[in-house]
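Trainee: The structure that follows is given in the form of structure tokens.
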Amino acid sequence: MNNELLEALNILEKEKDISKETLLDAIENSLINACKNHFGKADNIKVLMDRTTCEYSLIQEKRVVETVEDPVEEISLTNAKLMNPANEIGDIVQIPVESKSFGRIATQNAKNLILQKIREEERKVVYDQYFEKEKDIVTGVVQRYVGKNISINLGKADAMLTENEQVKGEVFEPTERIKLYVVEVKNTTKGPKIVVSRTHPELVKRLFEAEVTEVKDGIVEIKSIAREAGSRTKIAVWSNDPDVDPVGACVGMNGARVNAIVSELRGEKIDIINWNENPALLIENALSPAKVISVAADPDEKTASVIVPDYQLSLAIGKEGQNARLAARLTGYKIDIKSETQAIESGELPANYMDMPMEEIVDDTEEYNEEYTADDLDLYEE
């Protein structure tokens, strides 16, 4: 019986990653609980267990008395003498308890206690495993659609990809493997609740960390990221090594690295720009692929006035304002975009600006050393 118990504990430890010591503690508690149900109390019960062989015995300690008032905790002198003639009044004698004598209810309660502990430990192991992956990416297997939500198997746990965290237009087939960002892991009575997302900007960042060695090693930093899931993402990168081109490292040879990420995101466009501490230059980069004539940035107000060639206005603003909106989130600046004609009419740009030195056109290029955030901002839309 003990060999079978030992084998069962070893299997549980291996398959469910539950410590054998924890299981042995649960068995000890269940035996004491069974004694309590059988005798009515268990204050004088001891469990002696060999942790190596799982051999165990139950001992009930009783005080030797002349007249027995509590048969659970006391034994008469006559009976104590039968066990050992040396026993005297006041001595403590140890009486073996046969667990086979426990009633059906006591035995069932002990079994339930062990099973409950196994379930609790199993939930705790799974929670700890996925809590370590919080704010990281995991690979899941699509199981089925539950209404507009998608059930995803992550291995030892399931997660529900809710409609709000799905990219509009993405359709998955059962058994398909997809990458997800773990937003949060909550510990509940029914096990860990894992909140996953396909729309979170950090998903793109983690994909670059997995694909680009320089990003993973910290040589290239992703300073800021702005995303409209399923459509377009802009990221600003910076290199801590002057010999490493941050944009080139992220793009990869023949675009291999960025194309792998685009493929995982089902064709979502990704613009990679150089980060610059000078807000004017950063905003100019962020509005790429549009060309910019001038940028006047106000670091205190976090606003910027941008002038672009007439033929570049629609490109700078983007379809439904997307390019300008993402640039604003990326830089943390409210961006006002005007064409050169509009700027001339408003007096912001001299009519003869083409003949003037650039430094006279743009005088607000002072470096502003502050970390930028990607907040949603109101934008000028043509």
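We name chains A, B, ... following the order of the structure tokens; residues begin at 1 in each chain, and ligands are numbered from 1 as shown.
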Fewer than 3 positions away in the same chain doesn't count, so skip those; otherwise give me all residues within 9 Å of segment 150-163 of chain A, counting only C-alpha atoms, as a list in words.
Mentor: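 Residues near the query, excluding close chain neighbours: Val126, Tyr127, Tyr130, Val138, Thr139, Gly140, Val141, Val142, Gln143, Arg144, Tyr145, Val146, Gly147, Gln166, Val167, Lys168, Phe172, Leu180, Gly191, Pro192, Lys193, Ile194, Val195, Val196, Ser197 and Arg198 of chain A.
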Trainee: Out of segment 115-158 of chain A, which residues get strand (DSSP E or B) from DSSP, as a list in words?
Mentor: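 Of segment 115-158 of chain A, the ones in strand (DSSP E or B) are Ile137, Val138, Thr139, Gly140, Val141, Val142, Gln143, Arg144, Tyr145, Val146, Asn149, Ile150, Ser151, Ile152, Asn153 and Asp158 of chain A.
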Trainee: Please produce a file of those selected residues containing N, CA, C and O atoms, as a short mmCIF file (atom, residue, chain, number, x, y, z; two decimals), in the first residue's frame.
Mentor:
data_model
loop_
_atom_site.label_atom_id
_atom_site.label_comp_id
_atom_site.auth_asym_id
_atom_site.auth_seq_id
_atom_site.Cartn_x
_atom_site.Cartn_y
_atom_site.Cartn_z
N ILE A 137 4.68 37.72 -24.05
CA ILE A 137 3.87 37.04 -25.05
C ILE A 137 3.91 35.53 -24.84
O ILE A 137 4.89 34.98 -24.35
N VAL A 138 2.81 34.89 -25.20
CA VAL A 138 2.70 33.44 -25.14
C VAL A 138 2.11 32.95 -26.45
O VAL A 138 1.48 33.71 -27.19
N THR A 139 2.33 31.68 -26.74
CA THR A 139 1.73 31.07 -27.92
C THR A 139 0.55 30.21 -27.48
O THR A 139 0.67 29.40 -26.56
N GLY A 140 -0.58 30.42 -28.12
CA GLY A 140 -1.78 29.66 -27.77
C GLY A 140 -2.36 28.97 -28.98
O GLY A 140 -2.05 29.31 -30.13
N VAL A 141 -3.21 28.00 -28.72
CA VAL A 141 -3.89 27.25 -29.78
C VAL A 141 -5.37 27.59 -29.74
O VAL A 141 -6.02 27.46 -28.70
N VAL A 142 -5.88 28.04 -30.86
CA VAL A 142 -7.30 28.39 -30.95
C VAL A 142 -8.14 27.12 -30.78
O VAL A 142 -7.90 26.11 -31.45
N GLN A 143 -9.11 27.18 -29.86
CA GLN A 143 -9.98 26.02 -29.62
C GLN A 143 -11.34 26.18 -30.31
O GLN A 143 -11.72 25.37 -31.15
N ARG A 144 -12.02 27.27 -29.99
CA ARG A 144 -13.36 27.46 -30.56
C ARG A 144 -13.81 28.89 -30.29
O ARG A 144 -13.26 29.58 -29.45
N TYR A 145 -14.83 29.29 -31.03
CA TYR A 145 -15.46 30.58 -30.80
C TYR A 145 -16.58 30.41 -29.78
O TYR A 145 -17.39 29.48 -29.87
N VAL A 146 -16.61 31.29 -28.80
CA VAL A 146 -17.67 31.30 -27.79
C VAL A 146 -18.38 32.64 -27.94
O VAL A 146 -17.98 33.65 -27.36
N ASN A 149 -16.25 35.83 -28.55
CA ASN A 149 -14.97 35.60 -27.89
C ASN A 149 -14.33 34.32 -28.43
O ASN A 149 -15.00 33.48 -29.03
N ILE A 150 -13.02 34.18 -28.19
CA ILE A 150 -12.30 33.01 -28.69
C ILE A 150 -11.63 32.31 -27.52
O ILE A 150 -10.88 32.93 -26.75
N SER A 151 -11.88 31.00 -27.39
CA SER A 151 -11.23 30.21 -26.35
C SER A 151 -9.86 29.78 -26.85
O SER A 151 -9.73 29.19 -27.92
N ILE A 152 -8.83 30.08 -26.05
CA ILE A 152 -7.45 29.79 -26.43
C ILE A 152 -6.83 28.86 -25.39
O ILE A 152 -6.91 29.10 -24.18
N ASN A 153 -6.21 27.79 -25.85
CA ASN A 153 -5.49 26.89 -24.95
C ASN A 153 -4.02 27.31 -24.89
O ASN A 153 -3.35 27.40 -25.91
N ASP A 158 -6.46 27.67 -19.91
CA ASP A 158 -7.18 28.26 -21.04
C ASP A 158 -7.36 29.75 -20.78
O ASP A 158 -7.43 30.20 -19.63
#
Trainee: Work out how far apart atom CA of Glu284 of chain A and atom CA of Val306 of chain A are and give it in Å to one decimal.
Mentor: 8.3 Å
Trainee: Please report the interatomic distance between atom CA of Asp136 of chain A and atom CA of Pro201 of chain A in Å with one decimal.
Mentor: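 Computing the Euclidean distance for atom CA of Asp136 of chain A and atom CA of Pro201 of chain A yields 11.7 Å.
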Trainee: Would you list, as number ranges by chain, the residues of segment 121-368 of chain A that end up in helix (DSSP H, G or I) under DSSP run on this structure's backbone?
Mentor: A: 121-131, 163-165, 201-211, 213-216, 246-251, 253-264, 279-286, 310-317, 319-331, 340-346, 353-355, 358-361
Trainee: Could you check the closest approach to Val65 of chain A for each of A:Asn87, A:Ser346, A:Ser224, A:Asn37 and tell me which residue wins, using only C-alpha atoms?
Mentor: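 Nearest to Val65 of chain A: A:Asn87.
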Trainee: How many Å lie between atom CA of Val237 of chain A and atom CA of Ile272 of chain A, rounded to one decimal?
Mentor: 7.2 Å
Trainee: Within 12 Å of segment 214-223 of chain A, which residues of segment 241-338 of chain A show up? Give each one with its shortest atom-to-atom distance in Å (one decimal) and the two atoms involved, counting only C-alpha atoms, rows by chain then rising residue number, as JSON lines.
Mentor:
{"residue": "A:Asp241", "atom": "CA", "partner": "A:Ile219", "partner_atom": "CA", "distance": 6.3}
{"residue": "A:Pro242", "atom": "CA", "partner": "A:Ile219", "partner_atom": "CA", "distance": 9.8}
{"residue": "A:Asp243", "atom": "CA", "partner": "A:Ile219", "partner_atom": "CA", "distance": 10.3}
{"residue": "A:Val244", "atom": "CA", "partner": "A:Val220", "partner_atom": "CA", "distance": 8.0}
{"residue": "A:Asp245", "atom": "CA", "partner": "A:Val220", "partner_atom": "CA", "distance": 8.5}
{"residue": "A:Pro246", "atom": "CA", "partner": "A:Val220", "partner_atom": "CA", "distance": 5.8}
{"residue": "A:Val247", "atom": "CA", "partner": "A:Val220", "partner_atom": "CA", "distance": 9.0}
{"residue": "A:Gly248", "atom": "CA", "partner": "A:Val220", "partner_atom": "CA", "distance": 10.5}
{"residue": "A:Ala249", "atom": "CA", "partner": "A:Glu214", "partner_atom": "CA", "distance": 7.0}
{"residue": "A:Cys250", "atom": "CA", "partner": "A:Val215", "partner_atom": "CA", "distance": 8.0}
{"residue": "A:Val251", "atom": "CA", "partner": "A:Glu214", "partner_atom": "CA", "distance": 11.5}
{"residue": "A:Gly252", "atom": "CA", "partner": "A:Glu214", "partner_atom": "CA", "distance": 10.8}
{"residue": "A:Arg257", "atom": "CA", "partner": "A:Glu214", "partner_atom": "CA", "distance": 11.6}
{"residue": "A:Ile272", "atom": "CA", "partner": "A:Ile222", "partner_atom": "CA", "distance": 9.7}
{"residue": "A:Ile273", "atom": "CA", "partner": "A:Ile222", "partner_atom": "CA", "distance": 10.0}
{"residue": "A:Asn274", "atom": "CA", "partner": "A:Lys223", "partner_atom": "CA", "distance": 9.4}
{"residue": "A:Trp275", "atom": "CA", "partner": "A:Lys223", "partner_atom": "CA", "distance": 6.9}
{"residue": "A:Asn276", "atom": "CA", "partner": "A:Lys223", "partner_atom": "CA", "distance": 9.6}
{"residue": "A:Glu277", "atom": "CA", "partner": "A:Lys223", "partner_atom": "CA", "distance": 10.5}
{"residue": "A:Leu282", "atom": "CA", "partner": "A:Lys223", "partner_atom": "CA", "distance": 11.3}
{"residue": "A:Leu330", "atom": "CA", "partner": "A:Lys223", "partner_atom": "CA", "distance": 9.1}
{"residue": "A:Thr331", "atom": "CA", "partner": "A:Lys223", "partner_atom": "CA", "distance": 9.8}
{"residue": "A:Gly332", "atom": "CA", "partner": "A:Lys223", "partner_atom": "CA", "distance": 11.9}
Trainee: Could you name the residues that touch Asn3 of chain A at 10 Å or less, counting only C-alpha atoms, but leaving out those on the same chain fewer than 4 positions away, as a VMD selection string?
Mentor: chain A and resid 7 to 9 53 to 55
Trainee: Which residues come within 8 Å of segment 267-269 of chain A, counting only C-alpha atoms, excluding same-chain residues fewer than 3 positions away, as a ChimeraX atom specification?
Mentor: /A:229-233,262-264
Trainee: Could those residues be written to a file, using N, CA and C atoms, as a PDB file, in the first residue's frame?
Mentor:
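What landed in part.pdb:
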ATOM      1  N   ALA A 229      -4.293  48.762 -33.967  1.00  0.00           N
ATOM      2  CA  ALA A 229      -4.218  47.326 -34.246  1.00  0.00           C
ATOM      3  C   ALA A 229      -4.918  46.950 -35.546  1.00  0.00           C
ATOM      4  N   GLY A 230      -4.228  46.149 -36.338  1.00  0.00           N
ATOM      5  CA  GLY A 230      -4.766  45.663 -37.589  1.00  0.00           C
ATOM      6  C   GLY A 230      -4.520  46.571 -38.758  1.00  0.00           C
ATOM      7  N   SER A 231      -4.071  47.802 -38.477  1.00  0.00           N
ATOM      8  CA  SER A 231      -3.853  48.765 -39.554  1.00  0.00           C
ATOM      9  C   SER A 231      -2.396  49.215 -39.631  1.00  0.00           C
ATOM     10  N   ARG A 232      -1.939  49.923 -38.595  1.00  0.00           N
ATOM     11  CA  ARG A 232      -0.590  50.490 -38.662  1.00  0.00           C
ATOM     12  C   ARG A 232       0.005  50.671 -37.268  1.00  0.00           C
ATOM     13  N   THR A 233       1.306  50.508 -37.189  1.00  0.00           N
ATOM     14  CA  THR A 233       2.060  50.740 -35.957  1.00  0.00           C
ATOM     15  C   THR A 233       3.282  51.581 -36.273  1.00  0.00           C
ATOM     16  N   VAL A 262       5.333  41.378 -39.244  1.00  0.00           N
ATOM     17  CA  VAL A 262       4.165  41.773 -40.039  1.00  0.00           C
ATOM     18  C   VAL A 262       3.310  40.544 -40.354  1.00  0.00           C
ATOM     19  N   SER A 263       3.959  39.435 -40.664  1.00  0.00           N
ATOM     20  CA  SER A 263       3.236  38.197 -40.967  1.00  0.00           C
ATOM     21  C   SER A 263       2.456  37.714 -39.742  1.00  0.00           C
ATOM     22  N   GLU A 264       3.089  37.787 -38.558  1.00  0.00           N
ATOM     23  CA  GLU A 264       2.415  37.372 -37.324  1.00  0.00           C
ATOM     24  C   GLU A 264       1.215  38.279 -37.035  1.00  0.00           C
TER      25      GLU A 264
END
Trainee: Using only C-alpha atoms, which residues sit within 8 Å of Val204 of chain A once same-chain residues fewer than 4 positions away are excluded, as a list in words?
Mentor: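 The residues that qualify are His200, Phe208 and Ile261 of chain A.
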Trainee: May I have the selected residues written with N, CA and C atoms, as a compact mmCIF listing (two decimals), in the first residue's frame?
Mentor:
# COMPACT_ATOMS: atom_id res chain seq x y z
N HIS A 200 -2.90 44.99 -28.00
CA HIS A 200 -2.04 45.78 -27.11
C HIS A 200 -0.75 46.19 -27.84
N PHE A 208 9.22 42.22 -31.41
CA PHE A 208 10.53 42.72 -31.83
C PHE A 208 11.63 42.19 -30.92
N ILE A 261 7.41 39.77 -38.31
CA ILE A 261 6.48 40.36 -37.35
C ILE A 261 5.19 40.79 -38.06
Trainee: In terms of the shortest atom-to-atom distance over only C-alpha atoms, which of A:Leu313, A:Ile114, A:Val93, A:Met49 is closest to Asn29 of chain A?
Mentor: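 The shortest atom-to-atom distance to Asn29 of chain A comes from A:Ile114.
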Trainee: Which residues are close to Arg63 of chain A, i.e. within 12 Å by only C-alpha atoms, leaving aside same-chain residues fewer than 3 positions away? Reply as a list of chain:residue names.
Mentor: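 Everything that qualifies: A:Asn44, A:Gln60, A:Glu66, A:Thr67, A:Val68, A:Glu69, A:Asp70, A:Pro71, A:Val72, A:Glu73, A:Glu74, A:Ile75, A:Ser76, A:Leu77, A:Asn79, A:Ala80, A:Asn87, A:Glu88, A:Ile89, A:Gly90, A:Asp91, A:Ile92, A:Val93, A:Gln94, A:Ile95.
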Trainee: Report as a list in words all protein, DNA and RNA residues lying within 12 Å of segment 12-17 of chain A, evaluated on only C-alpha atoms, omitting residues in the same chain fewer than 6 positions from it.
Mentor: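 Answer for this query is Leu5, Leu6, Leu23, Leu24, Leu115, Ile118, Arg119, Glu120, Glu121, Glu122, Arg123, Lys124, Val125, Val126, Asp128, Gln129 and Lys156 of chain A.
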